[in-house]
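The file input-v3.cif comes next; it holds mmCIF, C-alpha atoms.
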data_protein
#
loop_
_atom_site.label_atom_id
_atom_site.label_comp_id
_atom_site.auth_asym_id
_atom_site.auth_seq_id
_atom_site.Cartn_x
_atom_site.Cartn_y
_atom_site.Cartn_z
CA MET Q 1 -2.56 -19.89 14.91
CA THR Q 2 -6.16 -20.98 14.53
CA GLU Q 3 -7.04 -23.48 11.84
CA ALA Q 4 -9.41 -22.25 9.15
CA THR Q 5 -12.06 -24.52 7.73
CA GLY Q 6 -12.37 -23.64 4.07
CA THR Q 7 -12.57 -20.06 2.85
CA ALA Q 8 -13.86 -17.50 5.31
CA GLU Q 9 -16.78 -15.39 4.09
CA ALA Q 10 -17.18 -12.70 6.69
CA THR Q 11 -20.65 -11.43 7.52
CA PRO Q 12 -21.47 -7.72 7.25
CA GLU Q 13 -21.57 -7.62 11.06
CA ALA Q 14 -18.07 -9.10 11.28
CA GLU Q 15 -16.80 -6.66 8.67
CA ALA Q 16 -18.27 -3.75 10.61
CA THR Q 17 -16.54 -5.00 13.76
CA ALA Q 18 -13.25 -5.34 11.89
CA ALA Q 19 -13.67 -1.86 10.43
CA THR Q 20 -14.06 -0.48 13.93
CA GLU Q 21 -11.02 -2.39 15.18
CA LEU Q 22 -8.89 -1.07 12.32
CA VAL Q 23 -9.73 2.54 13.09
CA GLY Q 24 -8.71 4.67 16.03
CA VAL Q 25 -5.84 6.12 17.96
CA ASP Q 26 -2.92 4.00 19.05
CA GLU Q 27 -2.60 3.63 22.80
CA GLY Q 28 -0.06 6.05 24.17
CA SER Q 29 -0.09 8.10 20.96
CA ALA Q 30 -2.00 11.14 19.80
CA THR Q 31 -1.62 10.07 16.17
CA PRO Q 32 -4.73 8.56 14.55
CA ASP Q 33 -4.23 5.52 12.36
CA MET Q 34 -4.18 5.67 8.56
CA ARG Q 35 -7.89 5.07 8.00
CA THR Q 36 -8.83 7.74 10.51
CA ARG Q 37 -6.42 10.18 8.89
CA PHE Q 38 -7.89 9.34 5.46
CA VAL Q 39 -11.42 10.10 6.67
CA GLN Q 40 -10.23 13.39 8.18
CA VAL Q 41 -8.44 14.45 4.98
CA ALA Q 42 -11.23 13.33 2.64
CA SER Q 43 -13.83 15.14 4.78
CA ASP Q 44 -11.72 18.31 4.66
CA LEU Q 45 -11.39 17.99 0.88
CA LEU Q 46 -15.17 17.71 0.57
CA ASP Q 47 -15.45 21.00 2.45
CA GLU Q 48 -12.68 22.68 0.44
CA ASP Q 49 -13.34 21.57 -3.14
CA PRO Q 50 -16.78 21.14 -4.71
CA ARG Q 51 -15.26 18.72 -7.26
CA THR Q 52 -14.43 16.19 -4.54
CA ALA Q 53 -16.73 13.19 -4.15
CA VAL Q 54 -16.44 10.04 -2.02
CA VAL Q 55 -17.99 6.76 -3.17
CA LEU Q 56 -18.30 3.96 -0.62
CA ALA Q 57 -19.50 0.37 -0.50
CA ASP Q 58 -20.55 0.24 3.18
CA ILE Q 59 -16.97 0.02 4.50
CA SER Q 60 -16.21 3.19 6.55
CA ALA Q 61 -19.66 4.63 5.81
CA ASP Q 62 -20.22 5.27 9.52
CA LEU Q 63 -17.02 7.31 9.69
CA PHE Q 64 -18.19 9.51 6.81
CA GLN Q 65 -21.62 10.26 8.29
CA PRO Q 66 -20.71 13.80 9.43
CA ALA Q 67 -19.34 14.63 5.98
CA ALA Q 68 -22.37 13.01 4.32
CA ARG Q 69 -24.70 15.24 6.32
CA ARG Q 70 -22.82 18.30 5.06
CA HIS Q 71 -22.48 17.04 1.48
CA PRO Q 72 -25.29 14.51 0.83
CA THR Q 73 -24.88 14.62 -2.95
CA ARG Q 74 -21.11 14.03 -2.86
CA VAL Q 75 -20.80 11.24 -0.29
CA LEU Q 76 -22.43 8.21 -1.91
CA ASN Q 77 -22.80 4.75 -0.40
CA VAL Q 78 -23.81 2.13 -2.97
CA GLY Q 79 -23.93 -0.75 -0.48
CA ILE Q 80 -21.94 -3.95 -0.84
CA ARG Q 81 -21.56 -3.46 -4.60
CA GLU Q 82 -17.91 -2.65 -5.14
CA PRO Q 83 -17.93 -2.94 -8.96
CA LEU Q 84 -20.83 -0.45 -9.02
CA MET Q 85 -18.80 1.82 -6.74
CA LEU Q 86 -16.06 1.98 -9.40
CA SER Q 87 -18.58 2.53 -12.20
CA VAL Q 88 -20.14 5.40 -10.26
CA ALA Q 89 -16.67 6.86 -9.67
CA GLY Q 90 -16.02 6.66 -13.41
CA GLY Q 91 -19.25 8.48 -14.17
CA LEU Q 92 -18.46 11.20 -11.66
CA ALA Q 93 -15.01 11.63 -13.17
CA LEU Q 94 -16.47 11.96 -16.67
CA ALA Q 95 -18.81 14.64 -15.28
CA GLY Q 96 -15.81 16.67 -14.09
CA MET Q 97 -15.60 15.51 -10.48
CA ARG Q 98 -12.49 14.21 -8.68
CA PRO Q 99 -13.85 11.08 -6.96
CA ILE Q 100 -12.38 8.91 -4.23
CA ALA Q 101 -13.48 5.27 -4.10
CA HIS Q 102 -12.77 3.36 -0.90
CA SER Q 103 -13.03 -0.18 0.47
CA TYR Q 104 -10.95 -3.16 1.55
CA ALA Q 105 -8.13 -3.85 -0.91
CA PRO Q 106 -9.50 -7.17 -2.27
CA PHE Q 107 -12.93 -5.65 -2.87
CA LEU Q 108 -11.67 -2.36 -4.28
CA ILE Q 109 -8.96 -3.77 -6.57
CA GLU Q 110 -9.47 -7.49 -7.20
CA ARG Q 111 -13.27 -7.76 -7.21
CA SER Q 112 -13.67 -4.53 -9.18
CA PHE Q 113 -10.72 -4.81 -11.54
CA GLU Q 114 -12.81 -4.96 -14.73
CA GLN Q 115 -14.48 -1.67 -13.81
CA ILE Q 116 -11.10 -0.09 -12.97
CA LYS Q 117 -9.79 -1.21 -16.35
CA LEU Q 118 -12.82 -0.18 -18.40
CA ASP Q 119 -14.94 2.40 -16.54
CA LEU Q 120 -11.86 4.34 -15.44
CA GLY Q 121 -8.86 3.47 -17.63
CA HIS Q 122 -10.49 2.84 -21.00
CA GLN Q 123 -12.74 5.89 -20.58
CA ASP Q 124 -9.80 8.13 -19.58
CA ALA Q 125 -11.70 8.80 -16.37
CA THR Q 126 -9.46 9.24 -13.36
CA ALA Q 127 -10.12 8.65 -9.68
CA VAL Q 128 -8.21 8.13 -6.45
CA LEU Q 129 -8.69 4.64 -5.00
CA VAL Q 130 -8.00 4.32 -1.28
CA SER Q 131 -7.88 0.87 0.27
CA VAL Q 132 -7.55 -0.54 3.76
CA GLY Q 133 -6.65 -4.04 4.88
CA ALA Q 134 -3.35 -4.27 2.98
CA SER Q 135 -2.02 -7.81 2.46
CA TYR Q 136 -3.44 -9.34 5.63
CA ASP Q 137 -4.21 -6.69 8.26
CA TRP Q 138 -7.39 -8.53 9.22
CA THR Q 139 -5.95 -12.03 9.15
CA GLU Q 140 -8.94 -13.67 10.84
CA GLY Q 141 -11.17 -12.37 8.04
CA GLY Q 142 -9.65 -15.11 5.89
CA ARG Q 143 -8.52 -15.19 2.29
CA THR Q 144 -11.49 -13.09 1.19
CA HIS Q 145 -9.96 -10.16 3.07
CA HIS Q 146 -6.29 -10.69 2.13
CA SER Q 147 -4.82 -8.88 -0.86
CA PRO Q 148 -1.07 -9.31 -1.35
CA GLY Q 149 -1.49 -9.08 -5.13
CA ASP Q 150 -3.27 -5.71 -5.36
CA VAL Q 151 -0.29 -3.55 -6.36
CA ALA Q 152 0.85 -6.10 -8.95
CA LEU Q 153 -2.65 -6.04 -10.45
CA VAL Q 154 -2.81 -2.24 -10.62
CA ASP Q 155 0.66 -2.35 -12.17
CA THR Q 156 -0.81 -4.01 -15.27
CA LEU Q 157 -2.57 -0.73 -16.10
CA PRO Q 158 -0.82 2.29 -17.61
CA GLU Q 159 -0.11 5.60 -15.88
CA TRP Q 160 -1.34 4.71 -12.39
CA ALA Q 161 0.41 6.27 -9.43
CA VAL Q 162 0.70 3.92 -6.44
CA HIS Q 163 1.36 5.22 -2.93
CA VAL Q 164 2.15 3.01 0.06
CA PRO Q 165 2.41 5.26 3.12
CA GLY Q 166 4.30 4.02 6.13
CA HIS Q 167 2.74 6.39 8.67
CA PRO Q 168 -0.62 8.15 9.10
CA ASP Q 169 0.97 11.56 8.49
CA GLU Q 170 2.37 10.29 5.20
CA ALA Q 171 -1.06 8.90 4.31
CA GLY Q 172 -2.72 12.28 4.73
CA ALA Q 173 -0.08 14.08 2.67
CA LEU Q 174 -0.11 11.44 -0.09
CA ILE Q 175 -3.90 11.52 -0.39
CA ARG Q 176 -3.85 15.30 -0.73
CA ALA Q 177 -1.08 15.04 -3.33
CA ALA Q 178 -3.03 12.41 -5.29
CA MET Q 179 -6.15 14.56 -5.27
CA ARG Q 180 -4.20 17.60 -6.53
CA ASP Q 181 -2.89 15.55 -9.43
CA SER Q 182 -5.13 14.85 -12.41
CA GLY Q 183 -4.12 11.23 -12.99
CA PRO Q 184 -5.34 7.90 -11.59
CA ALA Q 185 -3.91 6.93 -8.21
CA TYR Q 186 -4.06 4.06 -5.77
CA VAL Q 187 -3.32 4.75 -2.10
CA ARG Q 188 -2.75 1.57 -0.09
CA LEU Q 189 -3.40 2.12 3.61
CA SER Q 190 -2.54 -0.25 6.44
CA ASN Q 191 -3.21 -0.34 10.16
CA ARG Q 192 0.48 -1.18 10.56
CA ALA Q 193 2.85 1.76 10.55
CA ASN Q 194 6.37 2.92 11.25
CA ALA Q 195 6.99 4.78 14.49
CA ALA Q 196 7.69 8.07 12.71
CA ALA Q 197 6.83 9.68 9.40
CA GLN Q 198 9.66 10.32 6.96
CA PRO Q 199 10.03 13.99 5.96
CA GLY Q 200 9.29 14.50 2.31
CA ALA Q 201 7.58 11.12 1.84
CA ALA Q 202 4.82 12.81 -0.16
CA ASP Q 203 7.35 14.07 -2.72
CA GLY Q 204 7.44 10.68 -4.43
CA LEU Q 205 11.21 10.36 -4.08
CA LEU Q 206 13.36 7.55 -2.72
CA GLN Q 207 14.90 8.81 0.51
CA GLN Q 208 18.18 7.71 2.03
CA VAL Q 209 17.60 6.74 5.65
CA ARG Q 210 20.92 5.06 6.40
CA SER Q 211 24.23 4.93 4.50
CA GLY Q 212 26.30 1.81 3.89
CA GLY Q 213 28.70 0.35 1.36
CA GLN Q 214 27.89 -3.33 0.86
CA ALA Q 215 24.37 -3.09 -0.57
CA VAL Q 216 21.22 -0.98 -0.77
CA VAL Q 217 18.06 -2.14 0.96
CA VAL Q 218 14.88 -0.43 -0.26
CA ALA Q 219 12.03 -0.53 2.26
CA VAL Q 220 8.51 0.25 1.05
CA GLY Q 221 5.96 1.89 3.32
CA PRO Q 222 5.37 0.18 6.67
CA MET Q 223 8.35 -2.16 6.16
CA LEU Q 224 10.88 0.54 7.12
CA ASP Q 225 11.07 -0.01 10.88
CA GLY Q 226 11.48 -3.77 10.45
CA VAL Q 227 14.20 -3.24 7.83
CA LEU Q 228 16.10 -0.83 10.08
CA GLU Q 229 15.98 -3.36 12.92
CA ALA Q 230 16.95 -6.22 10.62
CA THR Q 231 19.96 -4.38 9.18
CA ALA Q 232 21.30 -2.91 12.42
CA GLY Q 233 25.08 -3.30 12.44
CA LEU Q 234 25.27 -4.30 8.75
CA ASP Q 235 27.20 -2.22 6.23
CA VAL Q 236 24.19 -1.55 4.03
CA GLY Q 237 22.43 1.58 2.92
CA VAL Q 238 18.68 1.83 3.52
CA GLY Q 239 16.35 3.74 1.22
CA TYR Q 240 12.67 4.42 1.82
CA ALA Q 241 9.85 4.64 -0.71
CA ALA Q 242 6.26 5.64 0.03
CA THR Q 243 5.52 6.00 -3.70
CA VAL Q 244 6.30 2.98 -5.87
CA ARG Q 245 4.65 4.08 -9.11
CA PRO Q 246 6.24 5.96 -10.61
CA PHE Q 247 9.33 4.55 -8.95
CA ASP Q 248 12.14 7.03 -8.31
CA VAL Q 249 14.68 5.45 -10.66
CA ALA Q 250 17.09 8.39 -10.44
CA GLY Q 251 17.04 8.15 -6.66
CA LEU Q 252 17.72 4.43 -6.79
CA ARG Q 253 20.72 4.92 -9.07
CA ALA Q 254 22.06 7.62 -6.76
CA LEU Q 255 21.77 5.32 -3.74
CA THR Q 256 23.47 2.43 -5.52
CA GLU Q 257 26.26 4.66 -6.80
CA ALA Q 258 26.89 5.96 -3.29
CA SER Q 259 26.95 2.38 -2.01
CA THR Q 260 29.43 1.09 -4.56
CA ALA Q 261 31.61 4.18 -4.19
CA ALA Q 262 31.77 3.55 -0.46
CA ALA Q 263 32.88 -0.04 -1.11
CA HIS Q 264 34.84 -0.71 -4.30
CA ALA Q 265 34.57 0.84 -7.74
CA ASN Q 266 33.32 -1.36 -10.58
CA ARG Q 267 31.83 -4.03 -8.31
CA SER Q 268 28.39 -5.49 -8.86
CA VAL Q 269 25.49 -3.64 -7.24
CA ASP Q 270 23.43 -5.57 -4.68
CA VAL Q 271 19.88 -4.39 -4.07
CA VAL Q 272 17.41 -5.86 -1.59
CA LEU Q 273 13.80 -4.85 -2.23
CA VAL Q 274 11.42 -5.25 0.74
CA GLU Q 275 7.75 -4.73 -0.17
CA PRO Q 276 4.67 -5.34 2.04
CA TYR Q 277 2.80 -7.11 -0.76
CA LEU Q 278 3.63 -9.71 -3.41
CA ALA Q 279 7.37 -10.33 -3.49
CA GLY Q 280 9.05 -9.06 -6.64
CA THR Q 281 6.31 -6.61 -7.63
CA SER Q 282 8.87 -3.88 -8.34
CA ALA Q 283 11.81 -6.10 -9.32
CA ARG Q 284 11.41 -5.38 -13.04
CA ILE Q 285 11.83 -1.67 -12.35
CA ILE Q 286 14.99 -2.24 -10.32
CA ASP Q 287 16.41 -4.38 -13.14
CA ALA Q 288 15.54 -1.79 -15.78
CA ALA Q 289 17.04 1.03 -13.70
CA LEU Q 290 20.35 -0.83 -13.40
CA VAL Q 291 20.39 -2.44 -16.85
CA ASP Q 292 23.75 -0.84 -17.67
CA ARG Q 293 25.42 -2.09 -14.49
CA PRO Q 294 26.17 -5.59 -13.16
CA HIS Q 295 23.71 -6.12 -10.32
CA ARG Q 296 21.85 -8.63 -8.20
CA VAL Q 297 18.36 -8.15 -6.76
CA LEU Q 298 16.80 -9.96 -3.81
CA SER Q 299 13.03 -9.46 -3.71
CA LEU Q 300 11.38 -9.92 -0.32
CA GLY Q 301 7.66 -9.68 0.29
CA VAL Q 302 4.59 -11.88 0.58
CA ASP Q 303 5.24 -15.06 -1.36
CA ARG Q 304 2.66 -17.03 -3.33
CA ARG Q 305 1.84 -19.51 -0.59
CA GLU Q 306 -1.69 -19.26 0.76
CA LEU Q 307 -1.62 -19.52 4.55
CA ARG Q 308 -4.74 -21.38 5.66
CA LYS Q 309 -4.08 -20.96 9.37
CA TYR Q 310 -5.10 -17.35 9.67
CA GLY Q 311 -3.57 -16.42 13.02
CA THR Q 312 -2.30 -12.86 13.47
CA PRO Q 313 -0.50 -10.42 11.15
CA ALA Q 314 2.69 -10.92 13.17
CA GLU Q 315 2.46 -14.68 12.64
CA HIS Q 316 2.00 -14.18 8.91
CA ASP Q 317 5.05 -11.92 8.90
CA ARG Q 318 7.08 -14.64 10.58
CA LEU Q 319 5.94 -17.38 8.21
CA TYR Q 320 6.65 -15.20 5.16
CA GLY Q 321 10.03 -14.20 6.57
CA LEU Q 322 9.02 -10.55 6.86
CA ASP Q 323 9.64 -10.10 10.57
CA PRO Q 324 13.00 -8.49 11.50
CA ALA Q 325 14.61 -11.85 12.24
CA GLY Q 326 13.46 -13.32 8.94
CA LEU Q 327 14.54 -10.26 6.99
CA ARG Q 328 17.99 -10.37 8.57
CA ARG Q 329 18.40 -14.05 7.72
CA SER Q 330 17.51 -13.42 4.08
CA ILE Q 331 19.66 -10.31 3.73
CA THR Q 332 22.79 -11.74 5.38
CA SER Q 333 22.48 -14.95 3.37
CA PHE Q 334 22.19 -12.94 0.14
CA LEU Q 335 25.24 -10.84 0.94
CA ARG Q 336 27.60 -13.70 1.85
#

Written as structure tokens, how would this file's structure read?
Amino acid sequence: MTEATGTAEATPEAEATAATELVGVDEGSATPDMRTRFVQVASDLLDEDPRTAVVLADISADLFQPAARRHPTRVLNVGIREPLMLSVAGGLALAGMRPIAHSYAPFLIERSFEQIKLDLGHQDATAVLVSVGASYDWTEGGRTHHSPGDVALVDTLPEWAVHVPGHPDEAGALIRAAMRDSGPAYVRLSNRANAAAQPGAADGLLQQVRSGGQAVVVAVGPMLDGVLEATAGLDVGVGYAATVRPFDVAGLRALTEASTAAAHANRSVDVVLVEPYLAGTSARIIDAALVDRPHRVLSLGVDRRELRKYGTPAEHDRLYGLDPAGLRRSITSFLR
């Protein structure tokens, strides 16, 4: 890993290069990545629904140029002014539009949180926020471009839906579903994805991917493939969630009941929660869902350490224990 000197403040040129690198088609695959799928879906929605608007802050503006030529009054680029982007989205919503605001996660959520809280939430104005970059997709961009705490921050606000797709096909379906809804939504995209989309991921329900009797492991979004590799040969059930707010509590209880029934009646329920952002973000919901049953919860995710050697996403995974080997160590230790 390369050593960072202080906090990285990327130039607009570097951000444009990173934006290009995070968009495209995977080699050997005909499936575009999540950002590309988002641009396709949002551009289609602009054509289909005159209430749709897209508000940008330079990031991905080049990708929206064809749509902007067709709809110059509904594709708005405010420049590198993310708080203004959210205020404009709030104004559009109050005028009856269904706006999408889009940028890197730390700029969209952390930098602009006051506007999300006031110009959207307090005004009862709803929008769909779509981020890229996830926790540390562009590691070399430095701490300014890392956002492991974004979902936890959105979770402080009432009534927000939060979607964490694990595949580009899920991303497209979840964005369409969020736009059909009338409430506020956050869609967290990543350039890291599972090999295959899960059928029904856009339904908002917790899906059983693998059955087992000793515990239930819940994988969120792009963590699924790593969890399946980490738990190979273990007697654990695996559930998958692409929507974490609202969390499918009924689905979780059904998975845990199937797990304990397969093992021994009346035993404590063990749940391992694997999230691609701040560890423990959804732990309170797991505890509340199982409040009437003895249970243990292991929360795995990005911990609160700040890694100052930026390296690669895979290296960050390893240091946070989120690679398959690290996940297996944590899970087997918990279940001993």

task = List every protein, DNA or RNA residue with an atom no more than 7 Å from (4.0, -2.2, 7.2) in the file's coordinates, counting only C-alpha atoms, and format the result as a ChimeraX atom specification.
result = /Q:166,190,192-194,221-223,276

Item checked: Polymer residues at most 9 Å from region 170-179 of chain Q, all atoms listed in the file, same-chain spacing of 5 or more positions, as a ChimeraX atom specification -> /Q:34-35,37-38,40-42,45,52,98-100,127-128,130,161,163-165,184-189,197-204,242-243

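A straight line drawn from CA of Pro148 (chain Q) to CA of Leu129 (chain Q) is 16.3 Å long.
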
inquiry  = Which residues are near region 311-323 of chain Q? Cut-off 10 Å, all atoms listed in the file, ignore same chain within fewer than 6 positions. Put them as a PyMOL selection string.
reply    = chain Q and resi 1-4+135-142+192+223+226-227+229-230+274-276+279+300-305+329-330

Counting all atoms listed in the file, what is within 7 Å of region 90-92 of chain Q, bar same-chain residues fewer than 3 positions away, as a CSV table (one decimal) with C-alpha atoms, in the frame of the given file?
chain,number,residue,atom,x,y,z
Q,86,LEU,CA,-16.1,2.0,-9.4
Q,87,SER,CA,-18.6,2.5,-12.2
Q,95,ALA,CA,-18.8,14.6,-15.3
Q,96,GLY,CA,-15.8,16.7,-14.1
Q,97,MET,CA,-15.6,15.5,-10.5
Q,99,PRO,CA,-13.8,11.1,-7.0
Q,119,ASP,CA,-14.9,2.4,-16.5
Q,120,LEU,CA,-11.9,4.3,-15.4
Q,125,ALA,CA,-11.7,8.8,-16.4

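Put simply, the PyMOL selection byres ((chain Q and resi 82) around 7) in this file takes in Ala57, Ile80, Arg81, Pro83, Leu84, Met85, Leu86, Phe107, Leu108 and Ser112 of chain Q.
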
File of the preceding selection, C-alpha atoms, as an mmCIF file, keeping the file's coordinate frame:
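Okay, out.cif is ready:
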data_model
loop_
_atom_site.group_PDB
_atom_site.id
_atom_site.type_symbol
_atom_site.label_atom_id
_atom_site.label_comp_id
_atom_site.auth_asym_id
_atom_site.auth_seq_id
_atom_site.Cartn_x
_atom_site.Cartn_y
_atom_site.Cartn_z
ATOM 1 C CA ALA Q 57 -19.500 0.370 -0.500
ATOM 2 C CA ILE Q 80 -21.940 -3.950 -0.840
ATOM 3 C CA ARG Q 81 -21.560 -3.460 -4.600
ATOM 4 C CA PRO Q 83 -17.930 -2.940 -8.960
ATOM 5 C CA LEU Q 84 -20.830 -0.450 -9.020
ATOM 6 C CA MET Q 85 -18.800 1.820 -6.740
ATOM 7 C CA LEU Q 86 -16.060 1.980 -9.400
ATOM 8 C CA PHE Q 107 -12.930 -5.650 -2.870
ATOM 9 C CA LEU Q 108 -11.670 -2.360 -4.280
ATOM 10 C CA SER Q 112 -13.670 -4.530 -9.180
#

- [ ] Could you state which residues are captured by the PyMOL selection byres ((chain Q and resi 293) around 12) in this file, as a VMD selection string?
- [x] chain Q and resid 253 256 to 257 260 265 to 270 286 to 292 294 to 296

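Comparing the minimum interatomic distances between Leu252 (chain Q) and each of Q:Ser333, Q:Thr36, Q:Gln207, Q:Ser147, counting all atoms listed in the file, we find that Q:Gln207 sits nearest.
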
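Across the structure, CA of Val297 (chain Q) and CA of Ala325 (chain Q) are spaced 19.7 Å apart.
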
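Here the question is which of Q:Val238, Q:Ala67, Q:Ala258, Q:Val216 gets nearest to Leu298 (chain Q) using only C-alpha atoms, and that residue is Q:Val216.
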
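If all atoms listed in the file are the atoms counted, then among Q:Asp155, Q:Ala196, Q:Leu224, Q:Ile331 the closest residue to Val244 (chain Q) is Q:Asp155.
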
Using only C-alpha atoms, the shortest atom-to-atom distance to Ala101 (chain Q) among Q:Leu273, Q:Leu56, Q:Val217, Q:Val78 belongs to Q:Leu56

### Residues in the PyMOL selection byres ((chain Q and resi 151) around 8), expressed as number ranges by chain
Q: 148-150, 152-155, 162, 277-278, 281

The residue from Q:Ala195, Q:Val272, Q:Val75, Q:Ala283 with the smallest atom-to-atom distance to Asp62 (chain Q), counting all atoms listed in the file, is Q:Val75

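Nearest-residue note for Thr231 (chain Q): choosing from Q:Ser259, Q:Asn77, Q:Thr332, Q:Gln123, the minimum distance belongs to Q:Thr332, counting all atoms listed in the file.
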
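Between CA of Leu94 (chain Q) and CA of Asp47 (chain Q) there is a distance of 21.2 Å.
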
Axis-aligned box for all listed atoms of region 155-171 of chain Q, 5 Å per side, centre and edges in Å to one decimal, as JSON:
{"center_x": 0.9, "center_y": 3.8, "center_z": -4.3, "size_x": 16.9, "size_y": 25.6, "size_z": 36.7}
